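A.B. asks: So that you have it, the file is entry04.cif, and it contains mmCIF, C-alpha atoms and all ligand atoms:
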data_run
loop_
_atom_site.label_atom_id
_atom_site.label_comp_id
_atom_site.auth_asym_id
_atom_site.auth_seq_id
_atom_site.Cartn_x
_atom_site.Cartn_y
_atom_site.Cartn_z
CA MET P 1 14.74 -58.37 -35.67
CA SER P 2 12.75 -61.29 -34.22
CA LEU P 3 9.22 -60.87 -32.95
CA LEU P 4 10.31 -61.57 -29.39
CA SER P 5 12.99 -58.94 -29.32
CA LYS P 6 10.49 -56.48 -30.78
CA CYS P 7 8.14 -57.22 -27.89
CA GLU P 8 10.98 -56.81 -25.45
CA LEU P 9 11.87 -53.52 -27.02
CA ASN P 10 8.28 -52.29 -26.77
CA SER P 11 8.03 -53.18 -23.12
CA LYS P 12 11.34 -51.46 -22.47
CA ILE P 13 10.10 -48.30 -24.19
CA HIS P 14 6.90 -48.52 -22.15
CA SER P 15 8.76 -48.84 -18.84
CA LEU P 16 11.11 -46.03 -19.86
CA SER P 17 8.22 -43.69 -20.58
CA LEU P 18 6.66 -44.66 -17.24
CA ASP P 19 9.96 -43.76 -15.59
CA GLN P 20 9.94 -40.48 -17.50
CA ASN P 21 6.41 -39.71 -16.28
CA LYS P 22 7.42 -40.59 -12.75
CA ASN P 23 10.41 -38.27 -13.01
CA ASN P 24 8.27 -35.47 -14.42
CA THR P 25 5.74 -35.77 -11.59
CA HIS P 26 8.57 -35.87 -9.09
CA ASP P 27 10.19 -32.75 -10.60
CA ALA P 28 6.87 -30.90 -10.70
CA LEU P 29 6.24 -31.74 -7.05
CA LYS P 30 9.74 -30.61 -6.11
CA GLU P 31 9.20 -27.28 -7.91
CA LYS P 32 5.84 -26.79 -6.12
CA LEU P 33 7.43 -27.42 -2.73
CA LEU P 34 10.18 -24.91 -3.53
CA ASP P 35 7.52 -22.35 -4.46
CA ILE P 36 6.08 -22.71 -0.96
CA LYS P 37 9.39 -23.04 0.89
CA TYR P 38 11.00 -19.75 -0.13
CA PRO P 39 8.20 -17.25 0.70
CA LEU P 40 7.32 -19.14 3.88
CA PHE P 41 10.91 -19.15 5.06
CA GLU P 42 11.37 -15.46 4.22
CA THR P 43 8.18 -14.42 6.06
CA ILE P 44 9.20 -16.38 9.17
CA LYS P 45 12.70 -14.92 9.02
CA ASP P 46 11.30 -11.37 8.64
CA THR P 47 8.89 -11.86 11.52
CA LEU P 48 11.51 -13.17 13.91
CA LEU P 49 14.29 -10.75 13.00
CA SER P 50 12.15 -7.60 12.72
CA PRO P 51 12.19 -6.72 16.43
CA LEU P 52 15.92 -6.20 15.94
CA THR P 53 16.00 -4.82 12.41
CA ARG P 54 12.80 -2.73 12.11
CA PRO P 55 13.98 0.31 14.15
CA ILE P 56 17.39 0.37 12.40
CA LYS P 57 15.87 -0.20 8.95
CA THR P 58 13.29 2.55 9.47
CA LEU P 59 15.86 5.10 10.59
CA ALA P 60 18.26 4.19 7.78
CA MET P 61 15.48 4.39 5.17
CA LEU P 62 14.33 7.80 6.39
CA ALA P 63 17.91 9.09 6.47
CA ILE P 64 18.87 7.87 3.01
CA SER P 65 15.60 8.92 1.39
CA LEU P 66 16.03 12.46 2.72
CA SER P 67 19.77 12.58 2.20
CA PRO P 68 20.95 10.05 -0.40
CA GLN P 69 24.57 10.88 0.44
CA THR P 70 24.03 9.06 3.75
CA ALA P 71 23.84 5.85 1.74
CA LEU P 72 27.15 6.58 0.07
CA GLY P 73 28.64 7.33 3.45
CA LEU P 74 27.73 3.91 4.72
CA ARG P 75 30.70 1.57 4.43
CA HIS P 76 28.41 -0.98 2.86
CA PHE P 77 28.08 1.01 -0.34
CA LYS P 78 31.68 2.10 -0.51
CA ASP P 79 33.37 -1.23 0.11
CA LYS P 80 31.01 -3.82 -1.18
CA TYR P 81 30.28 -2.24 -4.52
CA ALA P 82 33.25 0.14 -4.87
CA LEU P 83 30.96 2.78 -6.37
CA LYS P 84 32.49 5.62 -8.36
CA GLN P 85 30.65 8.69 -9.62
CA VAL P 86 30.20 8.96 -13.37
CA THR P 87 31.31 12.47 -14.23
CA LYS P 88 32.87 13.88 -17.40
CA GLU P 89 36.19 14.30 -15.55
CA ASN P 90 36.20 10.71 -14.27
CA ILE P 91 35.41 9.44 -17.77
CA ASP P 92 38.22 11.49 -19.35
CA GLN P 93 40.72 10.34 -16.75
CA ALA P 94 39.65 6.67 -17.10
CA ILE P 95 38.99 6.49 -13.36
CA LEU P 96 35.80 4.44 -13.58
CA PHE P 97 37.09 1.35 -15.31
CA PRO P 98 40.90 1.43 -15.19
CA GLN P 99 42.81 -1.08 -17.28
CA GLY P 100 42.84 -4.60 -15.86
CA CYS P 101 39.98 -3.97 -13.43
CA LEU P 102 37.70 -6.48 -15.14
CA PRO P 103 38.10 -10.24 -15.55
CA ASP P 104 38.32 -11.77 -19.04
CA GLY P 105 35.02 -11.82 -20.85
CA MET P 106 33.84 -8.49 -19.39
CA GLN P 107 33.83 -5.38 -21.51
CA ALA P 108 34.09 -1.96 -19.85
CA PRO P 109 31.68 0.66 -21.26
CA THR P 110 33.40 3.01 -23.71
CA PRO P 111 33.88 6.68 -22.71
CA GLU P 112 31.29 7.59 -25.40
CA ARG P 113 28.75 5.22 -23.84
CA LEU P 114 29.36 6.67 -20.38
CA LYS P 115 28.94 10.21 -21.70
CA ALA P 116 25.73 9.12 -23.44
CA LEU P 117 24.55 7.73 -20.08
CA ILE P 118 24.95 11.16 -18.43
CA GLN P 119 23.05 12.81 -21.29
CA LYS P 120 20.27 10.25 -21.21
CA VAL P 121 19.73 10.59 -17.44
CA ASP P 122 19.64 14.41 -17.76
CA PHE P 123 17.30 14.27 -20.73
CA PHE P 124 14.76 11.86 -19.21
CA ALA P 125 14.87 13.54 -15.77
CA LYS P 126 13.95 16.88 -17.41
CA LYS P 127 11.25 15.18 -19.47
CA MET P 128 9.80 13.75 -16.25
CA GLY P 129 9.85 17.15 -14.60
CA ILE P 130 12.48 16.27 -11.99
CA LYS P 131 14.22 19.48 -11.05
CA GLN P 132 17.06 18.01 -9.01
CA LYS P 133 20.39 17.02 -10.45
CA ILE P 134 20.69 13.24 -10.52
CA ASP P 135 24.10 11.80 -9.64
CA ILE P 136 25.20 8.65 -11.40
CA TYR P 137 27.39 5.88 -10.00
CA THR P 138 28.86 2.71 -11.37
CA SER P 139 31.51 0.17 -10.46
CA PRO P 140 33.81 -2.44 -12.01
CA LYS P 141 32.36 -4.81 -9.39
CA ILE P 142 28.87 -6.27 -9.58
CA CYS P 143 26.64 -3.50 -8.24
CA PRO P 144 22.87 -3.49 -7.97
CA THR P 145 21.12 -1.19 -10.43
CA GLY P 146 18.82 1.04 -8.46
CA CYS P 147 18.20 4.52 -7.16
CA VAL P 148 18.42 6.17 -3.78
CA GLY P 149 16.43 9.23 -2.77
CA GLY P 150 13.54 11.12 -4.27
CA THR P 151 12.27 14.59 -5.02
CA TYR P 152 11.97 15.25 -1.25
CA SER P 153 15.71 14.66 -0.79
CA TYR P 154 17.66 17.74 0.20
CA ASN P 155 20.73 16.59 -1.69
CA SER P 156 21.05 14.82 -5.03
CA PRO P 157 19.26 11.52 -5.48
CA PHE P 158 21.51 9.05 -7.29
CA ILE P 159 21.19 6.06 -9.58
CA MET P 160 23.67 3.17 -9.60
CA PHE P 161 24.16 1.25 -12.81
CA ASP P 162 25.77 -2.12 -13.23
CA LEU P 163 28.10 -2.02 -16.24
CA LYS P 164 26.07 -4.72 -17.99
CA ILE P 165 23.12 -2.37 -18.16
CA ILE P 166 25.27 0.50 -19.44
CA ASN P 167 26.48 -1.87 -22.17
CA ALA P 168 22.95 -3.06 -23.06
CA SER P 169 21.01 -1.79 -26.07
CA ASP P 170 19.67 1.80 -26.12
CA ASP P 171 16.10 0.51 -25.75
CA GLU P 172 16.97 -1.40 -22.60
CA LEU P 173 19.17 1.31 -21.08
CA ASP P 174 16.47 3.98 -21.68
CA ALA P 175 13.85 1.73 -20.07
CA VAL P 176 16.02 1.12 -16.99
CA ILE P 177 16.83 4.84 -16.62
CA CYS P 178 13.14 5.81 -16.85
CA HIS P 179 12.17 3.04 -14.40
CA GLU P 180 14.64 4.36 -11.81
CA LEU P 181 13.63 7.97 -12.44
CA THR P 182 9.99 7.03 -11.78
CA HIS P 183 11.04 5.67 -8.36
CA ILE P 184 12.69 9.05 -7.69
CA LYS P 185 9.80 11.14 -9.03
CA GLU P 186 7.24 9.17 -7.01
CA ASN P 187 9.38 9.28 -3.83
CA HIS P 188 9.04 5.52 -3.45
CA LEU P 189 11.87 5.22 -0.94
CA PHE P 190 10.39 7.91 1.30
CA LYS P 191 6.95 6.26 1.12
CA LYS P 192 8.51 2.94 2.11
CA ALA P 193 10.24 4.66 5.03
CA LEU P 194 6.87 6.09 6.17
CA PHE P 195 5.29 2.63 5.92
CA SER P 196 8.11 1.21 8.03
CA LEU P 197 7.66 3.99 10.59
CA ALA P 198 3.92 3.28 10.78
CA VAL P 199 4.62 -0.44 11.31
CA LEU P 200 7.07 0.41 14.07
CA ALA P 201 4.41 2.53 15.80
CA ILE P 202 1.85 -0.30 15.50
CA ASP P 203 4.44 -2.78 16.83
CA ILE P 204 5.02 -0.66 19.92
CA LEU P 205 1.28 -0.08 20.53
CA ALA P 206 0.54 -3.79 20.07
CA THR P 207 3.28 -4.73 22.53
CA VAL P 208 2.17 -2.22 25.16
CA PHE P 209 -1.61 -2.63 24.89
CA ILE P 210 -2.08 -6.24 23.75
CA SER P 211 0.85 -8.54 24.42
CA PRO P 212 4.54 -8.79 23.54
CA PHE P 213 3.54 -11.61 21.17
CA ALA P 214 1.29 -9.23 19.24
CA PHE P 215 4.52 -7.65 18.03
CA PHE P 216 5.23 -10.74 15.94
CA ALA P 217 1.69 -10.87 14.56
CA SER P 218 2.00 -7.24 13.50
CA GLU P 219 5.37 -7.95 11.86
CA ALA P 220 4.09 -11.03 10.02
CA VAL P 221 1.26 -9.00 8.49
CA ALA P 222 3.61 -6.08 7.75
CA SER P 223 6.03 -8.41 5.99
CA LEU P 224 3.29 -9.55 3.60
CA ILE P 225 1.88 -6.05 3.03
CA GLY P 226 5.41 -4.70 2.52
CA ARG P 227 5.97 -7.13 -0.33
CA VAL P 228 2.71 -6.18 -2.00
CA ILE P 229 3.75 -2.50 -1.77
CA ASP P 230 7.21 -3.27 -3.17
CA ARG P 231 5.78 -5.12 -6.15
CA LYS P 232 3.23 -2.41 -6.82
CA MET P 233 5.93 0.27 -6.81
CA GLU P 234 8.05 -1.77 -9.23
CA LYS P 235 5.11 -2.27 -11.56
CA ASP P 236 4.23 1.43 -11.36
CA SER P 237 7.83 2.30 -12.25
CA ASP P 238 7.73 -0.06 -15.24
CA TYR P 239 4.54 1.67 -16.41
CA GLY P 240 6.05 5.10 -15.70
CA ALA P 241 8.95 4.17 -18.00
CA MET P 242 6.68 2.72 -20.70
CA ASN P 243 4.36 5.73 -20.64
CA LEU P 244 7.26 8.14 -20.96
CA LEU P 245 8.95 6.17 -23.73
CA GLY P 246 5.67 5.29 -25.45
CA THR P 247 6.75 1.65 -25.74
CA GLY P 248 7.36 -1.47 -23.65
CA LYS P 249 10.02 -2.75 -26.04
CA GLY P 250 13.05 -2.07 -23.81
CA ILE P 251 11.50 -3.52 -20.66
CA ALA P 252 10.22 -6.59 -22.50
CA SER P 253 13.55 -7.40 -24.13
CA PHE P 254 15.44 -6.78 -20.86
CA PHE P 255 13.32 -9.28 -18.92
CA GLU P 256 13.01 -11.80 -21.74
CA ARG P 257 16.79 -11.90 -21.93
CA HIS P 258 16.95 -12.24 -18.17
CA ALA P 259 14.50 -15.16 -18.09
CA LYS P 260 16.22 -16.95 -20.95
CA LYS P 261 19.58 -16.72 -19.21
CA ALA P 262 18.09 -17.99 -15.94
CA ILE P 263 16.51 -20.98 -17.74
CA ASP P 264 19.87 -21.78 -19.35
CA MET P 265 21.51 -21.73 -15.93
CA LYS P 266 18.82 -23.91 -14.38
CA ASN P 267 19.10 -26.44 -17.20
CA ALA P 268 22.91 -26.58 -17.22
CA LYS P 269 23.65 -30.24 -16.55
CA ASP P 270 27.31 -30.10 -15.61
CA PHE P 271 29.32 -27.74 -13.46
CA ASN P 272 31.55 -26.36 -16.25
CA THR P 273 28.60 -25.42 -18.46
CA PHE P 274 27.01 -23.70 -15.48
CA VAL P 275 30.16 -21.70 -14.63
CA GLN P 276 30.47 -20.54 -18.26
CA LYS P 277 27.02 -18.95 -17.96
CA LEU P 278 27.91 -17.01 -14.81
CA ASP P 279 29.02 -13.37 -14.83
CA PRO P 280 32.87 -13.55 -14.83
CA ARG P 281 32.88 -11.06 -11.93
CA LYS P 282 30.67 -13.43 -9.96
CA VAL P 283 33.10 -16.28 -10.69
CA VAL P 284 36.00 -14.21 -9.30
CA LYS P 285 33.96 -13.31 -6.21
CA LEU P 286 32.86 -16.87 -5.51
CA LYS P 287 36.35 -18.25 -6.05
CA ALA P 288 37.78 -15.73 -3.59
CA LYS P 289 35.28 -16.93 -1.00
CA ASN P 290 35.93 -20.58 -1.89
CA LYS P 291 32.25 -21.00 -2.67
CA LEU P 292 32.34 -21.95 -6.33
CA ASN P 293 31.35 -25.61 -6.14
CA GLU P 294 28.60 -28.00 -7.19
CA SER P 295 26.59 -27.48 -4.04
CA TRP P 296 26.44 -23.72 -4.75
CA MET P 297 25.36 -24.54 -8.31
CA HIS P 298 22.48 -26.75 -7.09
CA LYS P 299 21.29 -24.10 -4.65
CA ALA P 300 21.43 -21.45 -7.37
CA GLN P 301 19.49 -23.71 -9.75
CA MET P 302 16.81 -24.37 -7.12
CA ARG P 303 16.26 -20.65 -6.74
CA ILE P 304 15.23 -20.42 -10.40
CA THR P 305 11.72 -21.48 -11.45
CA PRO P 306 11.26 -23.49 -14.67
CA GLU P 307 10.00 -20.24 -16.28
CA GLY P 308 13.22 -18.41 -15.39
CA ASN P 309 11.99 -16.39 -12.40
CA ASN P 310 13.93 -15.82 -9.20
CA ARG P 311 12.16 -17.60 -6.33
CA ARG P 312 13.86 -15.48 -3.72
CA ASP P 313 12.93 -12.10 -5.15
CA PHE P 314 9.78 -10.93 -3.40
CA ALA P 315 10.33 -7.23 -3.99
CA HIS P 316 9.64 -7.30 -7.74
CA PRO P 317 6.92 -8.82 -9.91
CA ALA P 318 8.12 -12.04 -11.58
CA VAL P 319 10.45 -11.45 -14.51
CA THR P 320 8.09 -13.24 -16.91
CA THR P 321 5.12 -11.17 -15.67
CA ARG P 322 7.04 -7.97 -16.36
CA ALA P 323 8.05 -9.17 -19.82
CA THR P 324 4.43 -10.09 -20.59
CA TYR P 325 2.85 -6.79 -19.61
CA ALA P 326 5.65 -4.85 -21.29
CA ARG P 327 5.16 -6.82 -24.52
CA ALA P 328 1.41 -6.14 -24.37
CA PHE P 329 1.87 -2.42 -23.62
CA SER P 330 0.55 0.01 -26.13
CA PRO P 331 0.55 3.77 -25.51
CA ASP P 332 -2.94 3.92 -26.98
CA SER P 333 -4.39 1.13 -24.86
CA ARG P 334 -6.03 3.54 -22.39
CA LYS P 335 -7.37 5.69 -25.18
CA GLN P 336 -8.69 2.62 -26.98
CA LEU P 337 -10.35 1.34 -23.80
CA ALA P 338 -12.03 4.73 -23.27
CA LEU P 339 -13.29 4.72 -26.88
CA HIS P 340 -14.57 1.17 -26.49
CA LEU P 341 -16.44 2.13 -23.31
CA CYS P 342 -17.95 5.20 -25.07
CA SER P 343 -19.11 3.13 -28.02
CA THR P 344 -20.70 0.43 -25.83
CA ALA P 345 -22.40 3.13 -23.76
CA ALA P 346 -23.74 4.71 -26.93
ZN ZN G 1 12.65 -0.69 -9.43
#
Just give me the structure as structure tokens.
Ligand SMILES: [Zn+2]
C.D. replies:
Amino acid sequence: MSLLSKCELNSKIHSLSLDQNKNNTHDALKEKLLDIKYPLFETIKDTLLSPLTRPIKTLAMLAISLSPQTALGLRHFKDKYALKQVTKENIDQAILFPQGCLPDGMQAPTPERLKALIQKVDFFAKKMGIKQKIDIYTSPKICPTGCVGGTYSYNSPFIMFDLKIINASDDELDAVICHELTHIKENHLFKKALFSLAVLAIDILATVFISPFAFFASEAVASLIGRVIDRKMEKDSDYGAMNLLGTGKGIASFFERHAKKAIDMKNAKDFNTFVQKLDPRKVVKLKAKNKLNESWMHKAQMRITPEGNNRRDFAHPAVTTRATYARAFSPDSRKQLALHLCSTAA
């Protein structure tokens, strides 16, 4: 190689690395703007829509926290998620996941796993001191894992499980069950309904005694406070689960897996690689709506932070935050802290 071409090569490498730096700064700036865009947009949306949604939301939340069956009665739950109750009879009759109900690549939970799920929920609910019977629901469709109701409910609170969680490891399944049971034990849904009712009262007072515009100010503040409350309840439920199980292992591995998958999806360069990483049920759903295209992929990728968190989820602490505190959890940490304080005092 001649000296000249070596020089040329060096300058090329130099300009390439400059380009790389420029791209990196550009990407970092884009990510920062997205971090601002999503919460800002959501708060504005909440504030403007709340005059319409607040009264309905408050009533619905009160009704379903006191009577969880109200939620099942709502068409929303029945049609969108096609929930079915997990009972011994339904398991024996293969009603929950009939043959052919799942797309290729999805495995239905075995009858043994479903029976273990019933036993686990019963066992942990008793351990937590919950006296009510907890109903369990699942679906061959994608359904959100969560619970409805609490210990104030006059009929059974219930937990919905997505089949992926039922199929996860015992550590992860136990952690998710105990997290949901903590929501029930602590009556989180009822407390959120009371908060919403209080906001509604303040909205009305502000409108009557200050100005109709004060309504929006009250809603903007409520939207922010509501998110802080949501995140605190989620964190409390994670700790409730970790304290009961004596370990953060299940929660940590659940969220680490989640973050890793999200990063893979964000970094997928071409459409086919991206689609392969999607839940096959999601693929079926998107195809049916004619939405599975590159523009959907870009939007989905923008919603994921470089760390693997969901930018649009304001109701939960970030996935990586949850994985970190779960990894650091030790059942003795409080005891150790108390001992440390005693020894420094002495
Ligand atoms: Zn939760």
A.B. asks: What does the distance from CA of His258 in chain P to CA of Lys282 in chain P come to in Å, to one decimal?
C.D. replies: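 Rounded to one decimal, the two atoms are 16.0 Å apart.
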A.B. asks: To one decimal in Å, tell me the separation between CA of Ala268 in chain P and CA of Glu42 in chain P.
C.D. replies: 26.8 Å
A.B. asks: Could you give me, as a Markdown table, a per-residue list for range 164-246 of chain P showing, wherever an atom lies at most 8 Å from an atom of range 126-136 of chain P, the closest pair of atoms and their distance in Å to one decimal, using all atoms listed in the file and sorting by chain then residue number from low to high?
C.D. replies:
| residue | atom | partner | partner_atom | distance |
| --- | --- | --- | --- | --- |
| P:Leu181 | CA | P:Met128 | CA | 7.9 |
| P:Lys185 | CA | P:Ile130 | CA | 6.5 |
| P:Leu244 | CA | P:Met128 | CA | 7.8 |
A.B. asks: Please, what distance in Å, to one decimal, runs between CA of Lys287 in chain P and CA of Pro109 in chain P?
C.D. replies: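 Answer for the CA of Lys287 in chain P to CA of Pro109 in chain P separation: 24.7 Å.
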A.B. asks: Around ligand ZN 1 (chain G), which protein and nucleic acid residues have at least one atom no more than 9 Å from it, if we count all atoms listed in the file? List them as a ChimeraX atom specification.
C.D. replies: /P:145-147,176,179-180,182-183,230-231,233-238,315-316
A.B. asks: Residues near Thr320 in chain P, anyone? I mean within 7 Å using only C-alpha atoms, not counting same-chain ones fewer than 2 positions away, as a list in words.
C.D. replies: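 Returned residues: Phe255, Ala259, Asn309, Ala318, Arg322, Ala323 and Thr324 of chain P.
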A.B. asks: Counting only C-alpha atoms, which residue out of P:Leu59, P:Met302, P:Ile142, P:Leu189 sits closest to Cys101 in chain P?
C.D. replies: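 Of P:Leu59, P:Met302, P:Ile142, P:Leu189, the one nearest Cys101 in chain P is P:Ile142, counting only C-alpha atoms.
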A.B. asks: How big is the axis-aligned box around all listed atoms of range 101-113 of chain P once 4 Å goes on each side, and where's its centre, in Å to one decimal, as AutoDock Vina command-line options?
C.D. replies:
--center_x 34.4 --center_y -2.1 --center_z -19.4 --size_x 19.2 --size_y 27.4 --size_z 20.0
A.B. asks: Can you work out which one of P:Lys120, P:Lys37, P:Lys249, P:Lys57 has the shortest atom-to-atom distance to Leu200 in chain P, counting only C-alpha atoms?
C.D. replies: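 Answer, going by the shortest atom-to-atom distance: P:Lys57.
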A.B. asks: Nearest to Ile251 in chain P: which of P:Ser169, P:Thr47, P:Gln99, P:Thr305 is it, counting only C-alpha atoms?
C.D. replies: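 Under the stated criterion, the closest residue is P:Ser169.
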